[in-house]
Amino acid sequence: MIIAIDGPAGSGKSTISKLVAKDLDLIYLDTGAMYRLVTLKALKMGILDENLENLDKINELLDNLEIDIREDGFYLDGVDVSEEIRKPIVSENVSKIAAIKEVRIKMVDLQRAFSKAKNVILDGRDIGTVVFPNADLKVFLVADARERANRRYKELTEKGENVSLEEIYQNILMRDKIDSTREEAPLKKAEDAVEVDTTSKNIDEVKEKILNLYKNL
Ligand code: CDP
C-alpha cells in the first residue's frame with residue numbers, strides 16, 4: 001500500500017500524514033525532511049553561496065552524505081538534526097537545493113528503497129507524479145497562502161522560534177514559485193490525485209476525508 005500526499009508548504013501534509021499513518025498502521029516518510037537534510041549539509045559545507053551549478057561540489061556533498069531516518073528523528077552524519085532542519089535558514093535555501101537534478105535522483109532512489117515491501121504514506125511535492133506514479137491513493141493538499149503562513153507561524157512560535165509572520169509568508173511564496181516552476185519534478189497535482197482544500201477545514205476533517213478515500217479504494 002502506497003499513499004502519496006503532495007502539496008505546497010504549510011498545506012498540512014505532515015500533520016495529516018502522521019495521523020493517517022497511525023490510523024492505518026502505515027510507515028510515514030517525510031520526503032521534505034530529506035531535502036532539508038541535504039540543505040543543512042550544504043550549509044555546513046559552506047557551498048550555498050557558491051554557484052550551485054558547480055556539480056563537483058554537489059557530487060562531493062552527495063557522495064559524503066550520511067542520512068538516517070529513524071523513528072526518533074532525522075540524523076545527518078550521525079547527529080540528530082530534527083530541530084535544526086526546520087530553522088528559517090534551511091527553509092530559505094531548501095528549494096534551491098531541491099531543484100538540482102543530481103540531488104533529486106539520489107533522494108528519489110532513497111525514497112523508493114525505504115518504501116520497498118512496506119505499507120507507506122509519503123508526503124512531498126512529487127510523490128504522486130514521479131516517485132510513485134502508481135500509488136494506490138494520491139492526495140493533493142492545497143490551502144490559501146496566508147492561512148499556510150499562519151499555520152507555520154504558530155508551529156514555529158510554539159517551538160520558541162523567533163520568527164515574523166511576514167517573513168514566513170514571503171518564504172512560502174518564494175518556495176511555491178521555485179518548487180512549481182523548476183524543470184525537475186515540479187510541484188503539481190497528478191492527474192489522478194484528489195485535491196483537498198484545507199483552508200477552512202480542521203485537521204480532523206481532512207483526516208476523515210482521506211480515510212474515506214482510502215476506504216472507498
Ligand atoms: O513542511 P514544508 O511544507 O515547509 O516543506 P517540506 O515538505 O519540509 O519541504 C521543503 C522543501 O523541499 C520544499 O519547499 C521543496 O523545495 C523540497 N521538496 C521537494 O522538492 N520534493 C519533495 N518530495 C519534498 C520536498
# chains A, B, ... in the order shown; residues from 1 in each chain; ligands from 1
>>> closest_atom_pairs(of="segment 105-149 of chain A", to="segment 182-185 of chain A", cutoff="8 Å", atoms="only C-alpha atoms", output="JSON lines")
{"residue": "A:Arg125", "atom": "CA", "partner": "A:Ala185", "partner_atom": "CA", "distance": 8.0}
{"residue": "A:Asp126", "atom": "CA", "partner": "A:Ala185", "partner_atom": "CA", "distance": 6.0}
{"residue": "A:Thr129", "atom": "CA", "partner": "A:Ala185", "partner_atom": "CA", "distance": 7.6}
{"residue": "A:Val130", "atom": "CA", "partner": "A:Ala185", "partner_atom": "CA", "distance": 6.6}
>>> residues_near_ligand(ligand="ligand 1", cutoff="7 Å", atoms="only C-alpha atoms and all ligand atoms", output="PyMOL selection string")
chain A and resi 8-11+14+30-33+35-36+91+94-96+98-99+123-127+175-176+179
>>> residues_around(residues="Leu19 of chain A", least_positions_apart="2", cutoff="12 Å", atoms="only C-alpha atoms", output="PDB file with all heavy atoms, in the first residue's frame")
ATOM      1  N   GLY A  12      -0.501  21.265   5.260  1.00  0.00           N
ATOM      2  CA  GLY A  12      -0.928  20.309   6.279  1.00  0.00           C
ATOM      3  C   GLY A  12      -0.482  18.881   6.010  1.00  0.00           C
ATOM      4  O   GLY A  12      -0.918  17.950   6.696  1.00  0.00           O
ATOM      5  N   LYS A  13       0.400  18.706   5.052  1.00  0.00           N
ATOM      6  CA  LYS A  13       0.818  17.354   4.655  1.00  0.00           C
ATOM      7  C   LYS A  13       1.354  16.502   5.805  1.00  0.00           C
ATOM      8  O   LYS A  13       0.936  15.375   5.993  1.00  0.00           O
ATOM      9  CB  LYS A  13       1.895  17.408   3.563  1.00  0.00           C
ATOM     10  CG  LYS A  13       1.490  18.109   2.291  1.00  0.00           C
ATOM     11  CD  LYS A  13       2.596  18.063   1.257  1.00  0.00           C
ATOM     12  CE  LYS A  13       3.887  18.701   1.722  1.00  0.00           C
ATOM     13  NZ  LYS A  13       3.826  20.160   1.874  1.00  0.00           N
ATOM     14  N   SER A  14       2.310  17.061   6.545  1.00  0.00           N
ATOM     15  CA  SER A  14       2.965  16.208   7.539  1.00  0.00           C
ATOM     16  C   SER A  14       2.040  15.896   8.718  1.00  0.00           C
ATOM     17  O   SER A  14       1.995  14.754   9.186  1.00  0.00           O
ATOM     18  CB  SER A  14       4.299  16.794   7.997  1.00  0.00           C
ATOM     19  OG  SER A  14       4.080  17.950   8.740  1.00  0.00           O
ATOM     20  N   THR A  15       1.273  16.875   9.152  1.00  0.00           N
ATOM     21  CA  THR A  15       0.330  16.644  10.260  1.00  0.00           C
ATOM     22  C   THR A  15      -0.650  15.534   9.883  1.00  0.00           C
ATOM     23  O   THR A  15      -0.872  14.589  10.648  1.00  0.00           O
ATOM     24  CB  THR A  15      -0.466  17.939  10.551  1.00  0.00           C
ATOM     25  OG1 THR A  15       0.462  18.996  10.718  1.00  0.00           O
ATOM     26  CG2 THR A  15      -1.338  17.815  11.768  1.00  0.00           C
ATOM     27  N   ILE A  16      -1.224  15.675   8.694  1.00  0.00           N
ATOM     28  CA  ILE A  16      -2.229  14.721   8.242  1.00  0.00           C
ATOM     29  C   ILE A  16      -1.601  13.339   7.996  1.00  0.00           C
ATOM     30  O   ILE A  16      -2.156  12.310   8.383  1.00  0.00           O
ATOM     31  CB  ILE A  16      -2.902  15.256   6.945  1.00  0.00           C
ATOM     32  CG1 ILE A  16      -3.664  16.547   7.241  1.00  0.00           C
ATOM     33  CG2 ILE A  16      -3.778  14.207   6.297  1.00  0.00           C
ATOM     34  CD1 ILE A  16      -4.773  16.421   8.265  1.00  0.00           C
ATOM     35  N   SER A  17      -0.437  13.340   7.371  1.00  0.00           N
ATOM     36  CA  SER A  17       0.209  12.055   7.050  1.00  0.00           C
ATOM     37  C   SER A  17       0.504  11.254   8.317  1.00  0.00           C
ATOM     38  O   SER A  17       0.318  10.043   8.354  1.00  0.00           O
ATOM     39  CB  SER A  17       1.507  12.278   6.273  1.00  0.00           C
ATOM     40  OG  SER A  17       1.228  12.952   5.079  1.00  0.00           O
ATOM     41  N   ALA A  21      -1.160   7.717   9.035  1.00  0.00           N
ATOM     42  CA  ALA A  21      -0.222   6.596   9.232  1.00  0.00           C
ATOM     43  C   ALA A  21      -0.592   5.821  10.490  1.00  0.00           C
ATOM     44  O   ALA A  21      -0.619   4.594  10.496  1.00  0.00           O
ATOM     45  CB  ALA A  21       1.204   7.127   9.345  1.00  0.00           C
ATOM     46  N   LYS A  22      -0.913   6.549  11.533  1.00  0.00           N
ATOM     47  CA  LYS A  22      -1.257   5.928  12.806  1.00  0.00           C
ATOM     48  C   LYS A  22      -2.540   5.086  12.661  1.00  0.00           C
ATOM     49  O   LYS A  22      -2.591   3.933  13.091  1.00  0.00           O
ATOM     50  CB  LYS A  22      -1.457   7.024  13.861  1.00  0.00           C
ATOM     51  CG  LYS A  22      -1.029   6.602  15.238  1.00  0.00           C
ATOM     52  CD  LYS A  22      -0.961   7.786  16.150  1.00  0.00           C
ATOM     53  CE  LYS A  22      -1.009   7.301  17.587  1.00  0.00           C
ATOM     54  NZ  LYS A  22      -1.389   8.383  18.490  1.00  0.00           N
ATOM     55  N   ASP A  23      -3.545   5.700  12.046  1.00  0.00           N
ATOM     56  CA  ASP A  23      -4.829   5.015  11.897  1.00  0.00           C
ATOM     57  C   ASP A  23      -4.749   3.775  11.035  1.00  0.00           C
ATOM     58  O   ASP A  23      -5.413   2.769  11.301  1.00  0.00           O
ATOM     59  CB  ASP A  23      -5.849   5.969  11.255  1.00  0.00           C
ATOM     60  CG  ASP A  23      -6.704   6.627  12.291  1.00  0.00           C
ATOM     61  OD1 ASP A  23      -6.111   7.224  13.213  1.00  0.00           O
ATOM     62  OD2 ASP A  23      -7.943   6.532  12.185  1.00  0.00           O
ATOM     63  N   LEU A  24      -3.964   3.856   9.966  1.00  0.00           N
ATOM     64  CA  LEU A  24      -3.929   2.745   9.010  1.00  0.00           C
ATOM     65  C   LEU A  24      -2.705   1.851   9.199  1.00  0.00           C
ATOM     66  O   LEU A  24      -2.463   0.947   8.400  1.00  0.00           O
ATOM     67  CB  LEU A  24      -3.966   3.287   7.574  1.00  0.00           C
ATOM     68  CG  LEU A  24      -5.194   4.117   7.196  1.00  0.00           C
ATOM     69  CD1 LEU A  24      -5.081   4.611   5.755  1.00  0.00           C
ATOM     70  CD2 LEU A  24      -6.469   3.299   7.365  1.00  0.00           C
ATOM     71  N   ASP A  25      -1.928   2.148  10.231  1.00  0.00           N
ATOM     72  CA  ASP A  25      -0.727   1.370  10.518  1.00  0.00           C
ATOM     73  C   ASP A  25       0.249   1.363   9.329  1.00  0.00           C
ATOM     74  O   ASP A  25       0.678   0.309   8.850  1.00  0.00           O
ATOM     75  CB  ASP A  25      -1.130  -0.063  10.913  1.00  0.00           C
ATOM     76  CG  ASP A  25      -0.032  -0.723  11.721  1.00  0.00           C
ATOM     77  OD1 ASP A  25       0.832   0.000  12.231  1.00  0.00           O
ATOM     78  OD2 ASP A  25      -0.033  -1.972  11.807  1.00  0.00           O
ATOM     79  N   LEU A  26       0.535   2.555   8.850  1.00  0.00           N
ATOM     80  CA  LEU A  26       1.477   2.712   7.734  1.00  0.00           C
ATOM     81  C   LEU A  26       2.762   3.355   8.264  1.00  0.00           C
ATOM     82  O   LEU A  26       2.745   4.011   9.304  1.00  0.00           O
ATOM     83  CB  LEU A  26       0.893   3.651   6.672  1.00  0.00           C
ATOM     84  CG  LEU A  26      -0.484   3.338   6.106  1.00  0.00           C
ATOM     85  CD1 LEU A  26      -0.963   4.489   5.220  1.00  0.00           C
ATOM     86  CD2 LEU A  26      -0.446   2.041   5.313  1.00  0.00           C
ATOM     87  N   ILE A  27       3.821   3.195   7.526  1.00  0.00           N
ATOM     88  CA  ILE A  27       5.057   3.881   7.892  1.00  0.00           C
ATOM     89  C   ILE A  27       5.074   5.215   7.155  1.00  0.00           C
ATOM     90  O   ILE A  27       4.795   5.273   5.959  1.00  0.00           O
ATOM     91  CB  ILE A  27       6.282   3.025   7.535  1.00  0.00           C
ATOM     92  CG1 ILE A  27       6.262   1.772   8.407  1.00  0.00           C
ATOM     93  CG2 ILE A  27       7.581   3.802   7.751  1.00  0.00           C
ATOM     94  CD1 ILE A  27       7.241   0.725   7.985  1.00  0.00           C
ATOM     95  N   TYR A  28       5.383   6.271   7.897  1.00  0.00           N
ATOM     96  CA  TYR A  28       5.355   7.617   7.317  1.00  0.00           C
ATOM     97  C   TYR A  28       6.755   8.076   6.917  1.00  0.00           C
ATOM     98  O   TYR A  28       7.686   7.969   7.713  1.00  0.00           O
ATOM     99  CB  TYR A  28       4.746   8.588   8.337  1.00  0.00           C
ATOM    100  CG  TYR A  28       4.959  10.046   8.005  1.00  0.00           C
ATOM    101  CD1 TYR A  28       4.613  10.554   6.760  1.00  0.00           C
ATOM    102  CD2 TYR A  28       5.503  10.918   8.946  1.00  0.00           C
ATOM    103  CE1 TYR A  28       4.819  11.898   6.450  1.00  0.00           C
ATOM    104  CE2 TYR A  28       5.707  12.260   8.655  1.00  0.00           C
ATOM    105  CZ  TYR A  28       5.366  12.741   7.401  1.00  0.00           C
ATOM    106  OH  TYR A  28       5.575  14.056   7.095  1.00  0.00           O
ATOM    107  N   ILE A 121       3.080   5.815   3.747  1.00  0.00           N
ATOM    108  CA  ILE A 121       2.470   7.081   3.330  1.00  0.00           C
ATOM    109  C   ILE A 121       3.632   8.063   3.222  1.00  0.00           C
ATOM    110  O   ILE A 121       4.425   8.193   4.151  1.00  0.00           O
ATOM    111  CB  ILE A 121       1.354   7.546   4.302  1.00  0.00           C
ATOM    112  CG1 ILE A 121       0.744   8.871   3.836  1.00  0.00           C
ATOM    113  CG2 ILE A 121       1.839   7.666   5.731  1.00  0.00           C
ATOM    114  CD1 ILE A 121      -0.601   9.191   4.510  1.00  0.00           C
ATOM    115  N   ILE A 203      -8.050  19.767  11.227  1.00  0.00           N
ATOM    116  CA  ILE A 203      -7.214  18.585  10.985  1.00  0.00           C
ATOM    117  C   ILE A 203      -8.050  17.307  10.917  1.00  0.00           C
ATOM    118  O   ILE A 203      -7.840  16.459  10.043  1.00  0.00           O
ATOM    119  CB  ILE A 203      -6.136  18.492  12.091  1.00  0.00           C
ATOM    120  CG1 ILE A 203      -5.143  19.651  11.920  1.00  0.00           C
ATOM    121  CG2 ILE A 203      -5.393  17.171  12.052  1.00  0.00           C
ATOM    122  CD1 ILE A 203      -4.214  19.857  13.078  1.00  0.00           C
ATOM    123  N   ASP A 204      -9.011  17.221  11.822  1.00  0.00           N
ATOM    124  CA  ASP A 204      -9.848  16.010  11.866  1.00  0.00           C
ATOM    125  C   ASP A 204     -10.649  15.821  10.582  1.00  0.00           C
ATOM    126  O   ASP A 204     -10.803  14.707  10.094  1.00  0.00           O
ATOM    127  CB  ASP A 204     -10.822  16.121  13.037  1.00  0.00           C
ATOM    128  CG  ASP A 204     -10.442  15.128  14.117  1.00  0.00           C
ATOM    129  OD1 ASP A 204      -9.366  14.525  13.987  1.00  0.00           O
ATOM    130  OD2 ASP A 204     -11.226  14.981  15.070  1.00  0.00           O
ATOM    131  N   GLU A 205     -11.161  16.944  10.069  1.00  0.00           N
ATOM    132  CA  GLU A 205     -11.959  16.861   8.836  1.00  0.00           C
ATOM    133  C   GLU A 205     -11.115  16.369   7.663  1.00  0.00           C
ATOM    134  O   GLU A 205     -11.569  15.556   6.861  1.00  0.00           O
ATOM    135  CB  GLU A 205     -12.554  18.239   8.505  1.00  0.00           C
ATOM    136  CG  GLU A 205     -13.683  18.650   9.425  1.00  0.00           C
ATOM    137  CD  GLU A 205     -14.105  20.098   9.218  1.00  0.00           C
ATOM    138  OE1 GLU A 205     -13.216  20.970   9.069  1.00  0.00           O
ATOM    139  OE2 GLU A 205     -15.305  20.367   9.233  1.00  0.00           O
ATOM    140  N   VAL A 206      -9.889  16.880   7.594  1.00  0.00           N
ATOM    141  CA  VAL A 206      -9.011  16.464   6.479  1.00  0.00           C
ATOM    142  C   VAL A 206      -8.655  14.986   6.641  1.00  0.00           C
ATOM    143  O   VAL A 206      -8.686  14.216   5.676  1.00  0.00           O
ATOM    144  CB  VAL A 206      -7.731  17.335   6.416  1.00  0.00           C
ATOM    145  CG1 VAL A 206      -6.870  16.927   5.227  1.00  0.00           C
ATOM    146  CG2 VAL A 206      -8.070  18.809   6.337  1.00  0.00           C
ATOM    147  N   LYS A 207      -8.357  14.607   7.875  1.00  0.00           N
ATOM    148  CA  LYS A 207      -8.010  13.199   8.126  1.00  0.00           C
ATOM    149  C   LYS A 207      -9.166  12.289   7.719  1.00  0.00           C
ATOM    150  O   LYS A 207      -8.971  11.297   7.016  1.00  0.00           O
ATOM    151  CB  LYS A 207      -7.678  13.002   9.610  1.00  0.00           C
ATOM    152  CG  LYS A 207      -7.202  11.585   9.905  1.00  0.00           C
ATOM    153  CD  LYS A 207      -6.939  11.351  11.367  1.00  0.00           C
ATOM    154  CE  LYS A 207      -8.151  10.739  12.021  1.00  0.00           C
ATOM    155  NZ  LYS A 207      -7.895  10.265  13.391  1.00  0.00           N
ATOM    156  N   GLU A 208     -10.368  12.644   8.157  1.00  0.00           N
ATOM    157  CA  GLU A 208     -11.540  11.817   7.835  1.00  0.00           C
ATOM    158  C   GLU A 208     -11.756  11.721   6.329  1.00  0.00           C
ATOM    159  O   GLU A 208     -12.101  10.668   5.802  1.00  0.00           O
ATOM    160  CB  GLU A 208     -12.807  12.385   8.504  1.00  0.00           C
ATOM    161  CG  GLU A 208     -12.890  12.102   9.997  1.00  0.00           C
ATOM    162  CD  GLU A 208     -12.647  10.629  10.363  1.00  0.00           C
ATOM    163  OE1 GLU A 208     -13.217   9.743   9.692  1.00  0.00           O
ATOM    164  OE2 GLU A 208     -11.858  10.368  11.301  1.00  0.00           O
ATOM    165  N   ILE A 210      -9.510  11.814   4.019  1.00  0.00           N
ATOM    166  CA  ILE A 210      -8.523  10.901   3.420  1.00  0.00           C
ATOM    167  C   ILE A 210      -8.829   9.448   3.803  1.00  0.00           C
ATOM    168  O   ILE A 210      -8.732   8.540   2.973  1.00  0.00           O
ATOM    169  CB  ILE A 210      -7.091  11.325   3.823  1.00  0.00           C
ATOM    170  CG1 ILE A 210      -6.806  12.685   3.179  1.00  0.00           C
ATOM    171  CG2 ILE A 210      -6.056  10.288   3.385  1.00  0.00           C
ATOM    172  CD1 ILE A 210      -5.505  13.319   3.547  1.00  0.00           C
ATOM    173  N   LEU A 211      -9.253   9.240   5.049  1.00  0.00           N
ATOM    174  CA  LEU A 211      -9.611   7.875   5.460  1.00  0.00           C
ATOM    175  C   LEU A 211     -10.784   7.362   4.621  1.00  0.00           C
ATOM    176  O   LEU A 211     -10.836   6.187   4.260  1.00  0.00           O
ATOM    177  CB  LEU A 211      -9.947   7.823   6.954  1.00  0.00           C
ATOM    178  CG  LEU A 211      -8.750   8.030   7.894  1.00  0.00           C
ATOM    179  CD1 LEU A 211      -9.202   8.029   9.354  1.00  0.00           C
ATOM    180  CD2 LEU A 211      -7.675   6.966   7.683  1.00  0.00           C
TER     181      LEU A 211
END
>>> closest_residue(among="A:Val139, A:Leu43, A:Leu122, A:Leu217", to="Lys189 of chain A", atoms="only C-alpha atoms")
A:Val139
>>> closest_residue(among="A:Leu55, A:Ile67, A:Ala4, A:Ala113", to="Val194 of chain A", atoms="only C-alpha atoms")
A:Ala4
>>> residues_around(residues="Asp144 of chain A", least_positions_apart="2", cutoff="10 Å", atoms="only C-alpha atoms", output="ChimeraX atom specification")
/A:10-11,142,146-149,197-200
>>> closest_residue(among="A:Phe140, A:Val131, A:Asn59, A:Glu195", to="Arg112 of chain A", atoms="only C-alpha atoms")
A:Val131
>>> select_by_dssp(residues="segment 46-83 of chain A", states="alpha helix (DSSP H)", output="number ranges by chain")
A: 55-63
>>> atom_distance(atom1="atom CA of Gly128 of chain A", atom2="atom CA of Asp6 of chain A")
7.0 Å
>>> closest_residue(among="A:Ala135, A:Ile89, A:Ile69, A:Val38", to="Val120 of chain A", atoms="only C-alpha atoms")
A:Ala135
>>> closest_residue(among="A:Ile2, A:Leu29, A:Asn162, A:Ser180", to="Phe114 of chain A", atoms="only C-alpha atoms")
A:Leu29
